[in-house]
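Pasted below: work.pdb, PDB, C-alpha atoms.
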ATOM      1  CA  MET N   1      26.375 119.584 -32.141  1.00  0.00           C
ATOM      2  CA  ASP N   2      27.249 123.064 -33.417  1.00  0.00           C
ATOM      3  CA  GLU N   3      28.578 123.742 -36.891  1.00  0.00           C
ATOM      4  CA  LYS N   4      32.108 124.507 -35.636  1.00  0.00           C
ATOM      5  CA  SER N   5      32.595 121.042 -34.173  1.00  0.00           C
ATOM      6  CA  SER N   6      32.327 117.831 -36.131  1.00  0.00           C
ATOM      7  CA  ALA N   7      33.267 115.649 -33.139  1.00  0.00           C
ATOM      8  CA  PRO N   8      30.438 113.865 -31.346  1.00  0.00           C
ATOM      9  CA  PRO N   9      29.728 115.012 -27.784  1.00  0.00           C
ATOM     10  CA  ARG N  10      31.838 113.296 -25.136  1.00  0.00           C
ATOM     11  CA  LEU N  11      30.863 112.224 -21.660  1.00  0.00           C
ATOM     12  CA  SER N  12      33.211 111.418 -18.795  1.00  0.00           C
ATOM     13  CA  VAL N  13      33.155 107.917 -17.328  1.00  0.00           C
ATOM     14  CA  ALA N  14      32.112 109.416 -13.991  1.00  0.00           C
ATOM     15  CA  ALA N  15      29.162 111.217 -15.593  1.00  0.00           C
ATOM     16  CA  LEU N  16      28.113 108.084 -17.490  1.00  0.00           C
ATOM     17  CA  SER N  17      28.369 105.922 -14.368  1.00  0.00           C
ATOM     18  CA  GLY N  18      26.421 108.511 -12.383  1.00  0.00           C
ATOM     19  CA  PHE N  19      23.653 108.564 -14.991  1.00  0.00           C
ATOM     20  CA  ILE N  20      23.411 104.753 -15.029  1.00  0.00           C
ATOM     21  CA  ALA N  21      23.416 104.522 -11.228  1.00  0.00           C
ATOM     22  CA  ALA N  22      20.687 107.168 -10.977  1.00  0.00           C
ATOM     23  CA  ALA N  23      18.520 105.219 -13.427  1.00  0.00           C
ATOM     24  CA  TYR N  24      18.978 102.038 -11.387  1.00  0.00           C
ATOM     25  CA  ARG N  25      18.217 103.820  -8.108  1.00  0.00           C
ATOM     26  CA  ALA N  26      15.070 105.306  -9.668  1.00  0.00           C
ATOM     27  CA  VAL N  27      13.666 101.785 -10.167  1.00  0.00           C
ATOM     28  CA  GLY N  28      14.491 100.664  -6.639  1.00  0.00           C
ATOM     29  CA  ILE N  29      17.981  99.193  -6.791  1.00  0.00           C
ATOM     30  CA  ALA N  30      19.960  99.913  -3.620  1.00  0.00           C
ATOM     31  CA  PRO N  31      22.585 102.671  -3.989  1.00  0.00           C
ATOM     32  CA  ALA N  32      25.655 100.421  -3.532  1.00  0.00           C
ATOM     33  CA  ALA N  33      24.340  97.819  -5.999  1.00  0.00           C
ATOM     34  CA  ALA N  34      23.344 100.569  -8.458  1.00  0.00           C
ATOM     35  CA  ALA N  35      26.837 102.098  -8.290  1.00  0.00           C
ATOM     36  CA  ARG N  36      28.563  98.731  -8.838  1.00  0.00           C
ATOM     37  CA  ALA N  37      26.246  97.783 -11.724  1.00  0.00           C
ATOM     38  CA  ALA N  38      26.804 101.230 -13.262  1.00  0.00           C
ATOM     39  CA  GLN N  39      30.583 100.823 -13.044  1.00  0.00           C
ATOM     40  CA  LEU N  40      30.378  97.431 -14.768  1.00  0.00           C
ATOM     41  CA  MET N  41      28.024  98.733 -17.472  1.00  0.00           C
ATOM     42  CA  ALA N  42      30.303 101.689 -18.191  1.00  0.00           C
ATOM     43  CA  ALA N  43      33.258  99.287 -18.345  1.00  0.00           C
ATOM     44  CA  SER N  44      31.437  97.409 -21.121  1.00  0.00           C
ATOM     45  CA  ASP N  45      31.327 100.620 -23.149  1.00  0.00           C
ATOM     46  CA  LEU N  46      34.974 101.351 -22.366  1.00  0.00           C
ATOM     47  CA  SER N  47      35.919  97.870 -23.581  1.00  0.00           C
ATOM     48  CA  GLY N  48      34.544  98.789 -27.015  1.00  0.00           C
ATOM     49  CA  ALA N  49      31.459  96.572 -26.773  1.00  0.00           C
ATOM     50  CA  ASP N  50      28.991  99.405 -27.327  1.00  0.00           C
ATOM     51  CA  GLY N  51      26.063  97.014 -27.754  1.00  0.00           C
ATOM     52  CA  HIS N  52      26.637  95.630 -24.256  1.00  0.00           C
ATOM     53  CA  GLY N  53      26.893  98.825 -22.205  1.00  0.00           C
ATOM     54  CA  VAL N  54      24.623 101.817 -21.695  1.00  0.00           C
ATOM     55  CA  PHE N  55      22.880 100.904 -24.945  1.00  0.00           C
ATOM     56  CA  ARG N  56      21.125  98.176 -22.919  1.00  0.00           C
ATOM     57  CA  LEU N  57      20.049 100.390 -20.010  1.00  0.00           C
ATOM     58  CA  PRO N  58      16.538 101.149 -21.358  1.00  0.00           C
ATOM     59  CA  GLN N  59      15.959  97.417 -21.918  1.00  0.00           C
ATOM     60  CA  TYR N  60      17.042  96.597 -18.345  1.00  0.00           C
ATOM     61  CA  ILE N  61      14.898  99.394 -16.872  1.00  0.00           C
ATOM     62  CA  ARG N  62      11.839  98.200 -18.817  1.00  0.00           C
ATOM     63  CA  ARG N  63      12.459  94.657 -17.623  1.00  0.00           C
ATOM     64  CA  ILE N  64      12.785  95.793 -14.000  1.00  0.00           C
ATOM     65  CA  LYS N  65       9.567  97.839 -14.248  1.00  0.00           C
ATOM     66  CA  ALA N  66       7.772  94.808 -15.704  1.00  0.00           C
ATOM     67  CA  GLY N  67       8.888  92.668 -12.745  1.00  0.00           C
ATOM     68  CA  GLY N  68      11.281  90.573 -14.827  1.00  0.00           C
ATOM     69  CA  LEU N  69      14.373  91.249 -12.668  1.00  0.00           C
ATOM     70  CA  ASN N  70      14.794  91.011  -8.920  1.00  0.00           C
ATOM     71  CA  ILE N  71      15.951  94.428  -7.671  1.00  0.00           C
ATOM     72  CA  ALA N  72      17.093  93.040  -4.296  1.00  0.00           C
ATOM     73  CA  PRO N  73      18.501  89.590  -5.082  1.00  0.00           C
ATOM     74  CA  GLU N  74      20.293  87.332  -2.652  1.00  0.00           C
ATOM     75  CA  ILE N  75      23.312  86.452  -4.814  1.00  0.00           C
ATOM     76  CA  ARG N  76      25.003  83.528  -3.133  1.00  0.00           C
ATOM     77  CA  VAL N  77      27.218  80.519  -3.584  1.00  0.00           C
ATOM     78  CA  ILE N  78      24.971  77.480  -3.302  1.00  0.00           C
ATOM     79  CA  ARG N  79      27.520  74.762  -4.011  1.00  0.00           C
ATOM     80  CA  ARG N  80      31.267  74.689  -3.533  1.00  0.00           C
ATOM     81  CA  SER N  81      34.033  72.132  -3.866  1.00  0.00           C
ATOM     82  CA  LYS N  82      37.779  72.561  -3.691  1.00  0.00           C
ATOM     83  CA  ALA N  83      38.086  74.381  -7.026  1.00  0.00           C
ATOM     84  CA  THR N  84      34.511  74.805  -8.279  1.00  0.00           C
ATOM     85  CA  ALA N  85      31.397  76.654  -7.208  1.00  0.00           C
ATOM     86  CA  LEU N  86      27.895  77.456  -8.335  1.00  0.00           C
ATOM     87  CA  VAL N  87      26.435  80.933  -7.818  1.00  0.00           C
ATOM     88  CA  ASP N  88      22.690  81.474  -7.717  1.00  0.00           C
ATOM     89  CA  GLY N  89      21.877  84.951  -9.003  1.00  0.00           C
ATOM     90  CA  ASP N  90      18.289  85.039  -7.699  1.00  0.00           C
ATOM     91  CA  ASN N  91      17.271  86.655 -11.018  1.00  0.00           C
ATOM     92  CA  GLY N  92      19.272  89.806 -10.240  1.00  0.00           C
ATOM     93  CA  LEU N  93      21.172  92.122 -12.549  1.00  0.00           C
ATOM     94  CA  GLY N  94      23.531  89.960 -14.571  1.00  0.00           C
ATOM     95  CA  SER N  95      26.495  92.263 -14.001  1.00  0.00           C
ATOM     96  CA  LEU N  96      26.251  91.846 -10.232  1.00  0.00           C
ATOM     97  CA  VAL N  97      25.743  88.098 -10.506  1.00  0.00           C
ATOM     98  CA  VAL N  98      28.714  87.525 -12.816  1.00  0.00           C
ATOM     99  CA  ALA N  99      30.936  89.882 -10.809  1.00  0.00           C
ATOM    100  CA  ARG N 100      30.155  87.777  -7.714  1.00  0.00           C
ATOM    101  CA  ALA N 101      31.012  84.612  -9.648  1.00  0.00           C
ATOM    102  CA  VAL N 102      34.356  86.091 -10.707  1.00  0.00           C
ATOM    103  CA  GLU N 103      35.131  87.047  -7.103  1.00  0.00           C
ATOM    104  CA  GLU N 104      34.478  83.444  -6.085  1.00  0.00           C
ATOM    105  CA  ALA N 105      36.605  82.087  -8.945  1.00  0.00           C
ATOM    106  CA  ILE N 106      39.499  84.320  -7.880  1.00  0.00           C
ATOM    107  CA  ALA N 107      39.231  83.116  -4.274  1.00  0.00           C
ATOM    108  CA  LEU N 108      39.133  79.467  -5.370  1.00  0.00           C
ATOM    109  CA  ALA N 109      42.095  79.938  -7.714  1.00  0.00           C
ATOM    110  CA  ARG N 110      44.104  81.681  -5.012  1.00  0.00           C
ATOM    111  CA  ASP N 111      43.644  78.648  -2.747  1.00  0.00           C
ATOM    112  CA  ASN N 112      43.742  75.845  -5.329  1.00  0.00           C
ATOM    113  CA  GLY N 113      45.497  77.080  -8.458  1.00  0.00           C
ATOM    114  CA  VAL N 114      42.260  77.062 -10.463  1.00  0.00           C
ATOM    115  CA  GLY N 115      38.696  78.220  -9.921  1.00  0.00           C
ATOM    116  CA  TRP N 116      35.710  77.341 -12.101  1.00  0.00           C
ATOM    117  CA  VAL N 117      32.389  78.948 -11.234  1.00  0.00           C
ATOM    118  CA  GLY N 118      29.026  78.493 -12.871  1.00  0.00           C
ATOM    119  CA  VAL N 119      26.011  80.773 -12.572  1.00  0.00           C
ATOM    120  CA  ARG N 120      22.329  80.004 -12.552  1.00  0.00           C
ATOM    121  CA  ARG N 121      19.400  82.407 -12.500  1.00  0.00           C
ATOM    122  CA  GLY N 122      21.488  85.309 -13.743  1.00  0.00           C
ATOM    123  CA  ASN N 123      20.795  87.691 -16.596  1.00  0.00           C
ATOM    124  CA  HIS N 124      22.654  89.486 -19.366  1.00  0.00           C
ATOM    125  CA  ALA N 125      25.848  90.851 -17.835  1.00  0.00           C
ATOM    126  CA  GLY N 126      27.310  93.077 -20.529  1.00  0.00           C
ATOM    127  CA  ALA N 127      30.648  92.609 -22.246  1.00  0.00           C
ATOM    128  CA  ALA N 128      32.410  89.345 -21.383  1.00  0.00           C
ATOM    129  CA  ALA N 129      35.774  91.113 -21.592  1.00  0.00           C
ATOM    130  CA  VAL N 130      34.980  93.068 -18.417  1.00  0.00           C
ATOM    131  CA  TYR N 131      34.689  89.887 -16.355  1.00  0.00           C
ATOM    132  CA  ALA N 132      37.460  87.936 -18.079  1.00  0.00           C
ATOM    133  CA  ALA N 133      39.848  90.795 -17.236  1.00  0.00           C
ATOM    134  CA  MET N 134      39.042  90.946 -13.503  1.00  0.00           C
ATOM    135  CA  PRO N 135      41.437  88.139 -12.523  1.00  0.00           C
ATOM    136  CA  LEU N 136      44.341  90.002 -14.184  1.00  0.00           C
ATOM    137  CA  GLU N 137      44.538  92.298 -11.155  1.00  0.00           C
ATOM    138  CA  HIS N 138      45.395  89.168  -9.152  1.00  0.00           C
ATOM    139  CA  ASP N 139      48.003  87.838 -11.609  1.00  0.00           C
ATOM    140  CA  MET N 140      45.508  85.265 -12.875  1.00  0.00           C
ATOM    141  CA  ILE N 141      44.026  84.420 -16.260  1.00  0.00           C
ATOM    142  CA  GLY N 142      40.274  84.766 -16.667  1.00  0.00           C
ATOM    143  CA  LEU N 143      38.101  82.832 -19.091  1.00  0.00           C
ATOM    144  CA  TYR N 144      34.442  83.664 -19.628  1.00  0.00           C
ATOM    145  CA  PHE N 145      31.963  81.323 -21.257  1.00  0.00           C
ATOM    146  CA  ALA N 146      28.267  82.035 -21.722  1.00  0.00           C
ATOM    147  CA  VAL N 147      25.377  80.057 -23.044  1.00  0.00           C
ATOM    148  CA  GLY N 148      23.222  81.583 -25.747  1.00  0.00           C
ATOM    149  CA  ASN N 149      19.467  81.785 -25.805  1.00  0.00           C
ATOM    150  CA  ALA N 150      16.839  82.302 -28.470  1.00  0.00           C
ATOM    151  CA  ASN N 151      17.778  85.991 -28.694  1.00  0.00           C
ATOM    152  CA  HIS N 152      21.387  85.190 -29.520  1.00  0.00           C
ATOM    153  CA  LEU N 153      21.263  82.453 -32.150  1.00  0.00           C
ATOM    154  CA  PRO N 154      23.968  82.449 -34.809  1.00  0.00           C
ATOM    155  CA  PRO N 155      22.667  83.353 -38.292  1.00  0.00           C
ATOM    156  CA  SER N 156      23.297  79.803 -39.534  1.00  0.00           C
ATOM    157  CA  CYS N 157      20.617  78.258 -37.261  1.00  0.00           C
ATOM    158  CA  ARG N 158      17.372  76.976 -38.654  1.00  0.00           C
ATOM    159  CA  PRO N 159      14.221  78.756 -37.431  1.00  0.00           C
ATOM    160  CA  GLY N 160      12.866  76.940 -34.392  1.00  0.00           C
ATOM    161  CA  ALA N 161      16.146  75.131 -33.632  1.00  0.00           C
ATOM    162  CA  ALA N 162      17.163  74.800 -29.988  1.00  0.00           C
ATOM    163  CA  SER N 163      19.914  77.244 -29.051  1.00  0.00           C
ATOM    164  CA  THR N 164      22.045  74.430 -27.646  1.00  0.00           C
ATOM    165  CA  CYS N 165      22.012  72.780 -31.062  1.00  0.00           C
ATOM    166  CA  CYS N 166      23.262  75.931 -32.723  1.00  0.00           C
ATOM    167  CA  SER N 167      25.834  77.128 -30.223  1.00  0.00           C
ATOM    168  CA  ARG N 168      29.313  77.504 -31.525  1.00  0.00           C
ATOM    169  CA  PRO N 169      32.097  76.319 -29.274  1.00  0.00           C
ATOM    170  CA  THR N 170      34.265  78.976 -27.742  1.00  0.00           C
ATOM    171  CA  ARG N 171      37.888  78.497 -28.633  1.00  0.00           C
ATOM    172  CA  LEU N 172      40.949  79.541 -26.766  1.00  0.00           C
ATOM    173  CA  ARG N 173      44.277  79.575 -28.505  1.00  0.00           C
ATOM    174  CA  LEU N 174      47.457  80.250 -26.605  1.00  0.00           C
ATOM    175  CA  ARG N 175      50.712  80.692 -28.478  1.00  0.00           C
ATOM    176  CA  CYS N 176      53.849  79.741 -26.667  1.00  0.00           C
ATOM    177  CA  ARG N 177      57.434  80.168 -27.716  1.00  0.00           C
ATOM    178  CA  ARG N 178      60.099  77.829 -26.552  1.00  0.00           C
ATOM    179  CA  SER N 179      62.945  79.472 -24.788  1.00  0.00           C
ATOM    180  CA  LYS N 180      66.283  79.323 -26.613  1.00  0.00           C
ATOM    181  CA  SER N 181      67.677  77.058 -23.927  1.00  0.00           C
ATOM    182  CA  ARG N 182      65.030  74.374 -24.643  1.00  0.00           C
ATOM    183  CA  ARG N 183      65.442  74.202 -28.435  1.00  0.00           C
TER
END

Spell out the structure here as structure tokens.
Amino acid sequence: MDEKSSAPPRLSVAALSGFIAAAYRAVGIAPAAAARAAQLMAASDLSGADGHGVFRLPQYIRRIKAGGLNIAPEIRVIRRSKATALVDGDNGLGSLVVARAVEEAIALARDNGVGWVGVRRGNHAGAAAVYAAMPLEHDMIGLYFAVGNANHLPPSCRPGAASTCCSRPTRLRLRCRRSKSRR
């Protein structure tokens, strides 16, 4: 930063996404999957959740290099009922796994009025807001719930406590106003 400018350097979304995609391709992720994961990661930053976007890229790359993530997962629906499904992420990038789950939830909701989809064998996906907003493009409401793990315990938990014992319930509050004709 030069002395004339006090503003931090800025980067376009396209440049950020390109950088992220290049990093993913460099560790063996297929170009289409790398581009989609990069778009979702950049969207986390754009949502204001800076700790869930590009900030996490070095951590993901280290994990891939260590063999902790599947770079070519078979993300698939393994169980489906009329309005529910279960997606197996095959230990792939969490963003791709959760995006697939949202796509399935949208399809189920389109056909049945509601769609609930669970995920197994996924990984950290970034900002929840990115995925909860996806159904909006289809005139639907999206809800996102995630389970915590030992890395995400609330400060009030005792050392050594199971994460399920310390999880805080997610709350949803909708405010409705009665129309004047119904008062």

Task: Exercise: region 24-40 of chain N partners within 10 Å, only C-alpha atoms, chain neighbours under 2 positions left out, as a ChimeraX atom specification - done: /N:13-14,16-22,42-46,53-54,57,60-62,64-65,70-73,93-97,99,125-127,130-131

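The coordinates place CA of Ala83 (chain N) at 12.7 Å from CA of Ala101 (chain N).
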
Open item on the list: Report as an NGL selection string all protein, DNA and RNA residues lying within 9 Å of region 135-139 of chain N, evaluated on all atoms listed in the file, omitting residues in the same chain fewer than 4 positions from it.
Closed with: :N and (102-103 or 105-106 or 110 or 131)

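The coordinates place CA of Ser47 (chain N) at 19.7 Å from CA of Arg100 (chain N).
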
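CA of Gly122 (chain N) is positioned 11.5 Å from CA of Gly68 (chain N).
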
Task: Proximity to Lys82 (chain N) - best of N:Ala7, N:Met41, N:Met134, N:Ala109, only C-alpha atoms - done: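 Checking each of N:Ala7, N:Met41, N:Met134, N:Ala109 against Lys82 (chain N), counting only C-alpha atoms, the winner is N:Ala109.
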